[in-house]
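work.txt (compact mmCIF, C-alpha atoms) appears below.
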# COMPACT_ATOMS: atom_id res chain seq x y z
CA MET C 275 26.92 99.70 38.95
CA LYS C 276 27.52 102.52 41.30
CA PRO C 277 24.87 105.16 41.07
CA GLY C 278 27.51 107.83 40.66
CA TRP C 279 28.88 106.39 37.41
CA THR C 280 28.98 109.19 34.85
CA ILE C 281 30.39 109.92 31.43
CA LEU C 282 33.39 111.44 33.17
CA HIS C 283 34.13 108.09 34.79
CA THR C 284 33.78 106.42 31.41
CA ILE C 285 36.18 108.88 29.80
CA ALA C 286 38.68 108.60 32.64
CA LEU C 287 38.70 104.82 32.55
CA GLY C 288 38.90 104.94 28.75
CA LEU C 289 41.95 107.19 28.87
CA VAL C 290 43.71 105.02 31.45
CA LEU C 291 43.12 101.94 29.30
CA GLY C 292 44.14 104.03 26.29
CA GLY C 293 47.49 104.71 27.93
CA ILE C 294 48.05 100.99 28.33
CA VAL C 295 47.01 100.37 24.72
CA HIS C 296 49.41 103.13 23.64
CA LEU C 297 52.40 101.66 25.48
CA GLY C 298 51.60 98.19 24.19
CA ALA C 299 51.27 99.48 20.63
CA VAL C 300 54.58 101.38 20.75
CA LEU C 301 56.38 98.30 22.06
CA ALA C 302 54.73 96.08 19.45
CA ILE C 303 55.38 98.28 16.40
CA PRO C 304 58.93 97.07 15.59
CA ALA C 305 57.81 93.45 15.66
CA LEU C 306 54.58 94.09 13.74
CA THR C 307 55.84 96.44 11.03
CA ARG C 308 55.91 94.80 7.61
CA PRO C 309 58.18 94.85 5.81
CA ASN C 310 60.82 95.21 8.49
CA ALA C 311 64.37 96.30 7.67
CA ASP C 312 65.56 92.76 6.98
CA GLU C 313 62.60 92.07 4.70
CA ARG C 314 63.21 95.31 2.79
CA LEU C 315 66.73 94.07 2.10
CA ALA C 316 65.68 90.51 1.31
CA ALA C 317 64.71 91.43 -2.26
CA LEU C 318 68.15 92.95 -2.85
CA ALA C 319 70.57 90.76 -0.91
CA PRO C 320 70.71 87.01 -0.25
CA ARG C 321 71.85 85.79 3.14
CA HIS C 322 75.53 85.30 3.91
CA VAL C 323 76.74 87.21 0.85
CA MET C 324 78.16 90.74 1.03
CA THR C 325 75.99 92.54 -1.52
CA LEU C 326 76.21 96.12 -2.76
CA LEU C 327 72.94 97.97 -2.42
CA PRO C 328 71.87 99.90 -5.53
CA ASN C 329 72.89 103.55 -5.48
CA PRO C 330 70.16 105.75 -4.10
CA GLU C 331 68.16 107.44 -6.85
CA ALA C 332 65.64 110.22 -6.83
CA GLY C 333 62.07 109.34 -5.99
CA PRO C 334 60.54 106.92 -3.51
CA THR C 335 62.39 103.67 -2.95
CA GLY C 336 62.11 100.76 -0.59
CA LEU C 337 65.15 102.08 1.27
CA PRO C 338 64.51 105.70 2.29
CA HIS C 339 66.87 108.17 4.00
CA ARG C 340 70.03 107.11 2.14
CA ASP C 341 73.12 109.23 1.77
CA PRO C 342 73.86 109.65 -1.96
CA ALA C 343 77.58 109.86 -1.19
CA ALA C 344 77.65 106.61 0.82
CA VAL C 345 78.16 103.21 -0.77
CA VAL C 346 76.49 100.52 1.32
CA ALA C 347 77.09 96.79 1.15
CA VAL C 348 74.91 94.56 3.25
CA CYS C 349 75.20 91.01 4.52
CA ARG C 350 72.04 89.45 5.93
CA TYR C 351 72.70 86.58 8.27
CA ASP C 352 71.07 83.75 10.12
CA LEU C 353 73.17 82.32 12.91
CA GLY C 354 70.92 79.25 13.22
CA ASP C 355 73.56 76.98 11.66
CA ALA C 356 76.82 78.70 12.32
CA PRO C 357 78.47 81.98 13.39
CA LEU C 358 79.24 84.63 10.78
CA ARG C 359 82.77 85.74 9.97
CA VAL C 360 83.07 89.35 8.75
CA ARG C 361 86.38 90.42 7.21
CA ALA C 362 87.51 93.61 5.55
CA THR C 363 90.75 95.43 4.80
CA PRO C 364 89.86 99.10 4.95
CA GLY C 365 93.42 100.37 4.71
CA ASP C 366 93.55 104.00 5.72
CA THR C 367 90.32 105.17 4.06
CA PHE C 368 86.92 105.49 5.63
CA MET C 369 84.92 102.33 6.08
CA SER C 370 82.31 101.77 8.74
CA PHE C 371 80.40 98.76 9.99
CA ALA C 372 77.02 98.58 11.67
CA PHE C 373 75.23 95.53 13.00
CA TYR C 374 71.43 95.57 12.96
CA THR C 375 68.58 93.53 14.34
CA PRO C 376 65.93 92.55 11.74
CA THR C 377 63.83 95.56 12.76
CA GLY C 378 66.62 98.06 12.04
CA GLY C 379 68.01 98.60 15.55
CA VAL C 380 71.79 99.00 15.72
CA PHE C 381 73.50 96.79 18.29
CA TYR C 382 77.10 97.54 17.37
CA ALA C 383 78.98 99.92 15.11
CA MET C 384 82.60 100.77 14.39
CA THR C 385 84.84 102.37 11.79
CA ASP C 386 88.09 101.39 10.11
CA ARG C 387 89.87 103.04 13.06
CA SER C 388 89.16 99.87 15.03
CA ALA C 389 91.07 97.82 12.47
CA LEU C 390 94.09 95.88 13.71
CA ARG C 391 97.00 96.21 11.28
CA GLY C 392 94.56 97.39 8.63
CA VAL C 393 92.27 94.39 9.01
CA ILE C 394 88.78 94.09 10.46
CA ASP C 395 88.07 90.54 11.53
CA LEU C 396 85.13 89.65 13.69
CA LEU C 397 82.80 86.83 14.44
CA VAL C 398 79.08 87.37 14.97
CA VAL C 399 77.70 84.72 17.32
CA THR C 400 74.67 83.92 19.42
CA LYS C 401 75.06 83.75 23.17
CA ASP C 402 75.04 79.95 23.06
CA GLN C 403 77.68 79.87 20.33
CA LEU C 404 79.85 82.24 22.36
CA GLU C 405 79.65 79.90 25.36
CA GLU C 406 80.57 76.99 23.14
CA LEU C 407 83.52 78.92 21.70
CA GLU C 408 84.81 79.95 25.08
CA GLU C 409 84.92 76.33 26.21
CA THR C 410 87.37 75.51 23.43
CA ASP C 411 89.50 78.63 23.81
CA PRO C 412 93.09 77.94 24.87
CA GLU C 413 93.50 79.07 28.45
CA ASP C 414 96.93 80.66 28.12
CA GLU C 415 96.36 82.71 24.98
CA PRO C 416 94.32 85.87 24.65
CA VAL C 417 91.49 85.70 22.13
CA ARG C 418 92.60 87.67 19.09
CA GLU C 419 89.32 88.03 17.26
CA LEU C 420 86.48 90.34 18.09
CA ARG C 421 83.39 88.35 18.99
CA LEU C 422 80.08 90.08 18.76
CA VAL C 423 76.95 88.62 20.33
CA SER C 424 73.89 89.17 18.17
CA PRO C 425 70.75 89.73 20.27
CA ARG C 426 68.71 87.79 17.68
CA SER C 427 69.71 84.83 15.57
CA THR C 428 68.98 86.84 12.42
CA GLY C 429 70.07 90.33 11.46
CA PHE C 430 72.31 92.12 9.00
CA VAL C 431 75.66 93.86 8.77
CA THR C 432 76.30 96.96 6.69
CA VAL C 433 79.63 98.13 5.33
CA ARG C 434 79.71 101.80 4.37
CA THR C 435 82.32 103.56 2.30
CA LEU C 436 82.18 107.12 1.01
CA ALA C 437 82.36 108.36 -2.56
CA LEU C 438 83.25 111.91 -1.59
CA GLU C 439 83.41 112.99 -5.23
CA PRO C 440 81.42 111.53 -8.11
CA GLY C 441 84.62 110.20 -9.72
CA LEU C 442 85.41 108.12 -6.64
CA GLN C 443 82.25 106.03 -6.82
CA PHE C 444 83.96 103.07 -8.45
CA GLN C 445 86.73 102.87 -5.85
CA ALA C 446 84.26 103.20 -3.00
CA GLU C 447 82.20 100.36 -4.44
CA ALA C 448 85.25 98.18 -4.94
CA ARG C 449 86.33 98.66 -1.33
CA ALA C 450 82.89 97.86 0.04
CA ARG C 451 82.58 94.83 -2.22
CA ALA C 452 85.92 93.52 -1.00
CA ALA C 453 84.48 93.07 2.48
CA SER C 454 83.37 89.49 3.05
CA CYS C 455 80.98 87.62 5.24
CA THR C 456 80.87 83.84 5.45
CA LYS C 457 79.32 81.23 7.64
CA GLU C 458 81.93 79.67 9.89
CA PRO C 459 80.71 76.47 11.56
CA LEU C 460 81.91 75.82 15.08
CA GLU C 461 84.52 73.10 15.37
CA THR C 462 82.42 70.92 17.57
CA GLY C 463 84.13 67.63 16.69
CA THR C 464 86.20 67.30 19.84
CA VAL C 465 83.95 69.27 22.12
CA VAL C 466 81.60 67.69 24.58
CA GLU C 467 78.11 69.11 24.16
CA PRO C 468 77.54 71.84 26.69
CA PRO C 469 75.16 70.92 29.51
CA SER C 470 71.56 70.99 28.38
CA GLN C 471 70.77 74.46 29.60
CA GLN C 472 69.32 75.57 26.29
CA ARG C 473 66.46 77.95 26.69
CA GLY C 474 64.84 76.77 23.52
CA ALA C 475 65.92 79.98 21.82
CA ALA C 476 68.58 78.47 19.61
CA PRO C 477 67.11 76.30 16.86
CA PRO C 478 68.89 73.00 16.26
CA ALA C 479 71.73 73.24 13.80
CA GLY C 480 70.82 72.52 10.23
CA ARG C 481 67.15 73.14 10.57
CA ARG C 482 67.13 76.65 9.22
CA HIS C 483 68.44 77.41 5.81
CA ASP C 484 67.61 79.71 2.93
CA MET H 252 23.37 90.89 25.92
CA THR H 253 22.51 93.19 23.05
CA ASP H 254 19.72 95.04 24.75
CA GLY H 255 22.23 97.02 26.75
CA ALA H 256 23.86 98.26 23.61
CA LEU H 257 20.62 99.36 22.11
CA ARG H 258 19.33 101.11 25.17
CA ILE H 259 19.13 104.81 24.69
CA PRO H 260 20.96 106.68 27.43
CA VAL H 261 18.48 108.00 29.94
CA PRO H 262 19.21 111.39 31.40
CA SER H 263 20.28 111.06 35.01
CA ARG H 264 18.37 112.43 37.90
CA THR H 265 20.64 115.41 38.00
CA GLY H 266 19.72 116.11 34.42
CA VAL H 267 23.29 116.99 33.45
CA LEU H 268 25.00 113.75 32.54
CA PRO H 269 23.15 110.85 30.95
CA ARG H 270 23.53 107.43 32.60
CA LEU H 271 24.59 104.58 30.38
CA GLY H 272 23.76 100.91 30.40
CA LEU H 273 26.54 98.51 31.42
CA LEU H 274 27.38 97.26 27.93
CA SER H 275 27.33 100.73 26.44
CA ARG H 276 29.69 101.85 29.18
CA VAL H 277 32.07 99.01 28.46
CA LEU H 278 31.90 99.71 24.74
CA ALA H 279 32.42 103.41 25.34
CA VAL H 280 35.46 102.72 27.53
CA PHE H 281 36.95 100.44 24.87
CA ALA H 282 36.23 102.93 22.12
CA ILE H 283 37.94 105.73 24.03
CA ALA H 284 40.85 103.45 24.93
CA ALA H 285 41.34 102.36 21.32
CA THR H 286 41.01 105.85 19.91
CA ALA H 287 43.25 107.53 22.47
CA GLY H 288 45.77 104.69 22.62
CA LEU H 289 46.17 103.99 18.92
CA GLY H 290 45.66 107.61 17.88
CA GLY H 291 48.29 108.72 20.37
CA THR H 292 50.63 106.06 19.09
CA TRP H 293 50.13 107.14 15.50
CA LEU H 294 50.73 110.78 16.37
CA ALA H 295 53.84 109.96 18.40
CA VAL H 296 55.41 107.76 15.73
CA ASP H 297 54.39 110.06 12.88
CA SER H 298 56.01 113.07 14.53
CA GLY H 299 59.17 111.08 15.13
CA VAL H 300 59.44 111.51 18.89
CA GLY H 301 62.21 109.88 20.83
CA PHE H 302 64.11 110.55 24.00
CA GLY H 303 67.65 111.83 24.07
CA ALA H 304 67.32 114.09 21.03
CA VAL H 305 70.19 116.54 20.52
CA ARG H 306 69.02 119.92 19.24
CA VAL H 307 71.42 122.52 17.90
CA GLY H 308 69.70 125.44 16.24
CA ALA H 309 67.40 124.00 13.58
CA TRP H 310 69.23 120.67 13.59
CA VAL H 311 68.02 117.58 15.45
CA ALA H 312 69.88 114.31 15.97
CA HIS H 313 68.88 111.13 17.76
CA PRO H 314 72.22 109.60 18.75
CA ARG H 315 70.60 106.76 20.68
CA ASN H 316 68.86 105.51 17.52
CA GLY H 317 72.26 104.19 16.53
CA SER H 318 72.82 102.23 19.72
CA VAL H 319 71.28 99.56 21.90
CA GLU H 320 70.05 102.36 24.16
CA ALA H 321 67.34 103.37 21.69
CA ASP H 322 64.07 103.87 23.57
CA PRO H 323 60.82 102.16 22.50
CA TYR H 324 59.56 105.30 20.74
CA SER H 325 62.77 105.62 18.74
CA ARG H 326 62.64 101.92 17.87
CA ALA H 327 59.07 102.32 16.64
CA VAL H 328 59.98 105.39 14.57
CA VAL H 329 62.98 103.62 13.05
CA ALA H 330 60.93 100.52 12.26
CA ARG H 331 58.13 102.52 10.62
CA SER H 332 60.36 104.81 8.58
CA GLY H 333 62.52 102.05 7.13
CA VAL H 334 65.70 104.02 7.80
CA MET H 335 68.90 102.18 8.54
CA PRO H 336 70.25 104.59 11.15
CA LEU H 337 73.97 105.25 11.31
CA GLY H 338 75.48 103.39 14.23
CA LEU H 339 76.72 105.68 16.96
CA GLY H 340 80.22 104.34 16.36
CA GLU H 341 79.96 105.25 12.65
CA GLY H 342 78.67 108.77 12.81
CA LEU H 343 75.75 111.00 13.60
CA THR H 344 72.85 112.23 11.45
CA PHE H 345 71.36 115.69 11.95
CA THR H 346 68.09 116.60 10.25
CA ALA H 347 66.64 120.10 9.80
CA GLN H 348 62.95 120.40 8.94
CA ARG H 349 62.90 124.15 9.54
CA ASP H 350 65.08 127.20 9.12
CA ASP H 351 66.68 129.05 12.03
CA ALA H 352 63.55 131.18 12.41
CA GLY H 353 61.42 128.07 12.84
CA ARG H 354 59.69 128.24 9.46
CA PRO H 355 59.29 124.94 7.54
CA LEU H 356 61.77 124.44 4.69
CA VAL H 357 59.79 124.77 1.46
CA GLY H 358 60.68 124.76 -2.22
CA ALA H 359 58.95 128.10 -2.68
CA CYS H 360 61.81 129.80 -0.83
CA ALA H 361 65.57 129.99 -1.24
CA TYR H 362 67.86 129.38 1.73
CA ARG H 363 71.43 130.18 2.63
CA VAL H 364 73.10 127.36 4.55
CA SER H 365 76.38 128.67 5.81
CA GLY H 366 79.10 128.41 8.39
CA PHE H 367 80.96 125.45 9.78
CA VAL H 368 80.49 121.82 10.66
CA PRO H 369 81.44 120.20 14.01
CA PRO H 370 84.70 118.26 14.21
CA THR H 371 84.39 115.18 12.03
CA ARG H 372 86.47 113.15 9.59
CA TYR H 373 84.00 113.59 6.72
CA TRP H 374 80.56 115.07 6.31
CA THR H 375 77.80 115.19 3.73
CA LEU H 376 74.85 117.55 3.42
CA THR H 377 71.83 116.28 1.51
CA ALA H 378 68.33 117.47 0.65
CA GLU H 379 65.52 114.91 0.80
CA THR H 380 61.73 114.81 0.91
CA PRO H 381 60.10 114.35 4.32
CA ALA H 382 59.60 110.68 3.37
CA GLY H 383 63.33 110.31 2.82
CA ALA H 384 63.49 110.24 -0.99
CA LEU H 385 66.16 112.06 -2.96
CA ILE H 386 64.92 114.89 -5.16
CA ALA H 387 65.19 114.60 -8.94
CA ASN H 388 66.86 117.58 -10.63
CA PRO H 389 68.55 118.27 -13.96
CA ALA H 390 71.91 118.93 -12.29
CA GLY H 391 71.85 115.43 -10.76
CA ARG H 392 72.99 116.91 -7.46
CA HIS H 393 71.53 115.62 -4.22
CA GLY H 394 74.04 117.03 -1.77
CA PHE H 395 77.57 118.12 -1.01
CA THR H 396 80.42 116.32 0.70
CA SER H 397 83.24 117.75 2.78
CA ALA H 398 85.62 116.97 -0.09
CA GLU H 399 83.81 118.79 -2.88
CA ILE H 400 82.40 121.87 -1.18
CA VAL H 401 83.96 125.20 -2.14
CA ARG H 402 85.03 127.07 1.01
CA GLY H 403 86.08 130.57 1.88
CA PRO H 404 89.54 131.47 3.21
CA ASP H 405 88.42 130.87 6.83
CA GLY H 406 87.13 127.40 6.00
CA SER H 407 83.48 128.37 6.13
CA PHE H 408 81.13 127.52 3.31
CA VAL H 409 77.93 128.86 1.81
CA ILE H 410 75.38 126.61 0.11
CA THR H 411 72.37 128.10 -1.63
CA VAL H 412 69.35 125.82 -1.40
CA ALA H 413 66.82 126.73 -4.09
CA PRO H 414 64.77 125.14 -6.87
CA SER H 415 66.53 127.11 -9.64
CA ALA H 416 70.24 127.25 -10.44
CA ARG H 417 72.45 129.59 -8.39
CA PRO H 418 76.14 130.46 -8.64
CA GLY H 419 78.52 128.76 -6.22
CA ASN H 420 77.44 125.76 -4.12
CA TRP H 421 73.87 125.20 -5.31
CA LEU H 422 71.71 122.47 -3.79
CA PRO H 423 68.51 121.92 -5.83
CA VAL H 424 65.19 121.27 -4.10
CA PRO H 425 61.65 120.76 -5.45
CA VAL H 426 59.70 123.75 -6.71
CA ALA H 427 56.82 122.98 -4.34
CA GLY H 428 56.39 121.21 -1.06
CA ARG H 429 58.50 120.68 2.01
CA PHE H 430 61.95 119.19 2.16
CA ASN H 431 64.49 118.33 4.86
CA LEU H 432 68.21 118.99 5.04
CA VAL H 433 70.32 116.12 6.37
CA LEU H 434 73.84 116.62 7.72
CA ARG H 435 75.74 113.39 8.26
CA LEU H 436 78.95 113.44 10.28
CA TYR H 437 81.06 110.36 9.61
CA ASP H 438 83.54 109.24 12.24
CA THR H 439 82.89 112.16 14.53
CA PRO H 440 84.09 112.49 18.11
CA ILE H 441 80.66 113.90 18.91
CA SER H 442 78.53 111.13 20.30
CA GLY H 443 75.82 110.48 22.74
CA ALA H 444 73.29 112.71 24.37
CA SER H 445 76.05 114.25 26.48
CA ALA H 446 77.41 115.94 23.39
CA VAL H 447 77.59 119.69 23.73
CA ILE H 448 77.77 121.29 20.32
CA ASP H 449 78.45 124.96 19.89
CA PRO H 450 75.64 126.29 17.66
CA ALA H 451 78.26 128.44 15.92
CA ARG H 452 79.85 125.17 14.73
CA MET H 453 76.66 124.05 13.00
CA PRO H 454 75.55 125.42 9.62
CA ALA H 455 73.08 128.29 9.92
CA ILE H 456 69.91 128.02 7.79
CA ALA H 457 68.54 131.41 6.75
CA GLN H 458 65.63 132.10 4.43
CA VAL H 459 66.76 134.40 1.64
CA ALA H 460 63.73 135.02 -0.54
CA CYS H 461 60.38 133.49 -1.35
CA ARG H 462 58.37 133.45 -4.53

The structure given in the file should be rewritten as structure tokens.
Amino acid sequence: MKPGWTILHTIALGLVLGGIVHLGAVLAIPALTRPNADERLAALAPRHVMTLLPNPEAGPTGLPHRDPAAVVAVCRYDLGDAPLRVRATPGDTFMSFAFYTPTGGVFYAMTDRSALRGVIDLLVVTKDQLEELEETDPEDEPVRELRLVSPRSTGFVTVRTLALEPGLQFQAEARARAASCTKEPLETGTVVEPPSQQRGAAPPAGRRHD
Amino acid sequence: MTDGALRIPVPSRTGVLPRLGLLSRVLAVFAIAATAGLGGTWLAVDSGVGFGAVRVGAWVAHPRNGSVEADPYSRAVVARSGVMPLGLGEGLTFTAQRDDAGRPLVGACAYRVSGFVPPTRYWTLTAETPAGALIANPAGRHGFTSAEIVRGPDGSFVITVAPSARPGNWLPVPVAGRFNLVLRLYDTPISGASAVIDPARMPAIAQVACR
């Protein structure tokens, strides 16, 4: 209650607080936005199945900003039970892969140029699952598969192919559909449970399912 | 508690600025904070701000949107718009909301999009509404790809963007309202904010005529 308190002080304090509100709001938007990217896809694609998205059509849709020449297959995943195996055989034609968090942020992307002998083969894991895998890795052999740590236990993978001419739509769809994603449980039978350093982030196996 | 809120501000001794009761001050501060904070957020996200934008002529790309380096503003914009951005390892998306002279792209005008495209394995050029919807048209054409575009002897192309049919590469747009042009480069060596793109290697967007 200083005698010098004026409207200018009120406005200044309001703007400072407003700045804090602004930063908090910007940071909170991805988590608060409904539906988020994963929820937009939920109506179109079940989890753990590579599913072709419908071709983009004119007019407003639930999935804006699509390329009409791109065929997109999506696989939504939940790593709560098991890692996710993603396989594709792009051959020598364009095929690209992107890995998203549920809010639509990309955490990894690659094209068919990263394929080894024409095959893309990778395992999406949580940090805990990666640690568990590394404990069972043979010491004298290099790991041959690409392991990708997902920042969240849920997310989705997209496979994009291009129908560069209208007549090539069918082939592009067939190539995207041939990509697969399956749950691949860890072979924990012979492995001693890792020390109990869980941060409570990984839900117990078997609890989550769709 | 409530009497403070109901108290009418009394003009201060100086007679210039009224003095407020404690509760009214607190409420005023919160009101300003909420208005400025949330209003600023809405404006920022609505205008699609983000750090690390790459601008070449009328074209704008946000390479970091396709990577883990996306800043909080970009993340908010991506989350609100519902776009699934191309991963940086997949390609790069350029959007033009204006022509080279800085005028908004509108269906009332015709445009000549011409020239070249930066080095890339494939590209597509698409027209969409500002909300990201494709535009219905009798020709059923929403864009061109690098494979189907008709080029000149030097490899350059000309696309006419207009609501009514034109000879050559014609890209239909709505008769009224604004639209955006989207250039997607698939599997391009251009990546990241460090990318230096020669403007002469990007398609020029020139207004031809308006109704």

List the spatial neighbours of Gly406 (chain H) as an mmCIF file with C-alpha atoms, keeping the file's coordinate frame - criterion: any atom at most 12 Å away, all atoms listed in the file, same-chain residues fewer than 5 positions off excluded.
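Below is the file that was written, part04.cif:
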data_model
loop_
_atom_site.group_PDB
_atom_site.id
_atom_site.type_symbol
_atom_site.label_atom_id
_atom_site.label_comp_id
_atom_site.auth_asym_id
_atom_site.auth_seq_id
_atom_site.Cartn_x
_atom_site.Cartn_y
_atom_site.Cartn_z
ATOM 1 C CA SER H 365 76.380 128.670 5.810
ATOM 2 C CA GLY H 366 79.100 128.410 8.390
ATOM 3 C CA PHE H 367 80.960 125.450 9.780
ATOM 4 C CA VAL H 368 80.490 121.820 10.660
ATOM 5 C CA SER H 397 83.240 117.750 2.780
ATOM 6 C CA ILE H 400 82.400 121.870 -1.180
ATOM 7 C CA VAL H 401 83.960 125.200 -2.140
ATOM 8 C CA ARG H 452 79.850 125.170 14.730
#

Would you please work out which residue, of H:Pro355, H:Gly303, H:Gly308, H:Pro440, is nearest to chain C when using all atoms listed in the file?
-> H:Pro440

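Distances to chain H were evaluated for C:Val393, C:Leu315, C:Leu438, C:Leu422 using only C-alpha atoms, and the minimum falls at C:Leu438.
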
So which residues touch Thr428 (chain C) within 9 Å, counting all atoms listed in the file, skipping near sequence neighbours fewer than 3 positions away, as a count of residues only?
-> 10

Give me the residues within 9 Å of Asp341 (chain C) as a ChimeraX atom specification, counting all atoms listed in the file and dropping any in the same chain fewer than 3 places off.
-> /C:330,344-345 /H:375-377,385,393-394,433,435

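Between chain H and the residues C:Val431, C:Val380, C:Leu318, C:Val417, the shortest atom-to-atom distance, using all atoms listed in the file, involves C:Val380.
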
Could you list the residues in chain C lying within 7 Å of chain H, using all atoms listed in the file, and format the result as an MDAnalysis selection string?
-> chainID C and resid 280:281 284:285 287:289 291:293 295:296 299:301 303:304 307 310:311 331:335 337:339 342 370 372 377:385 438:439
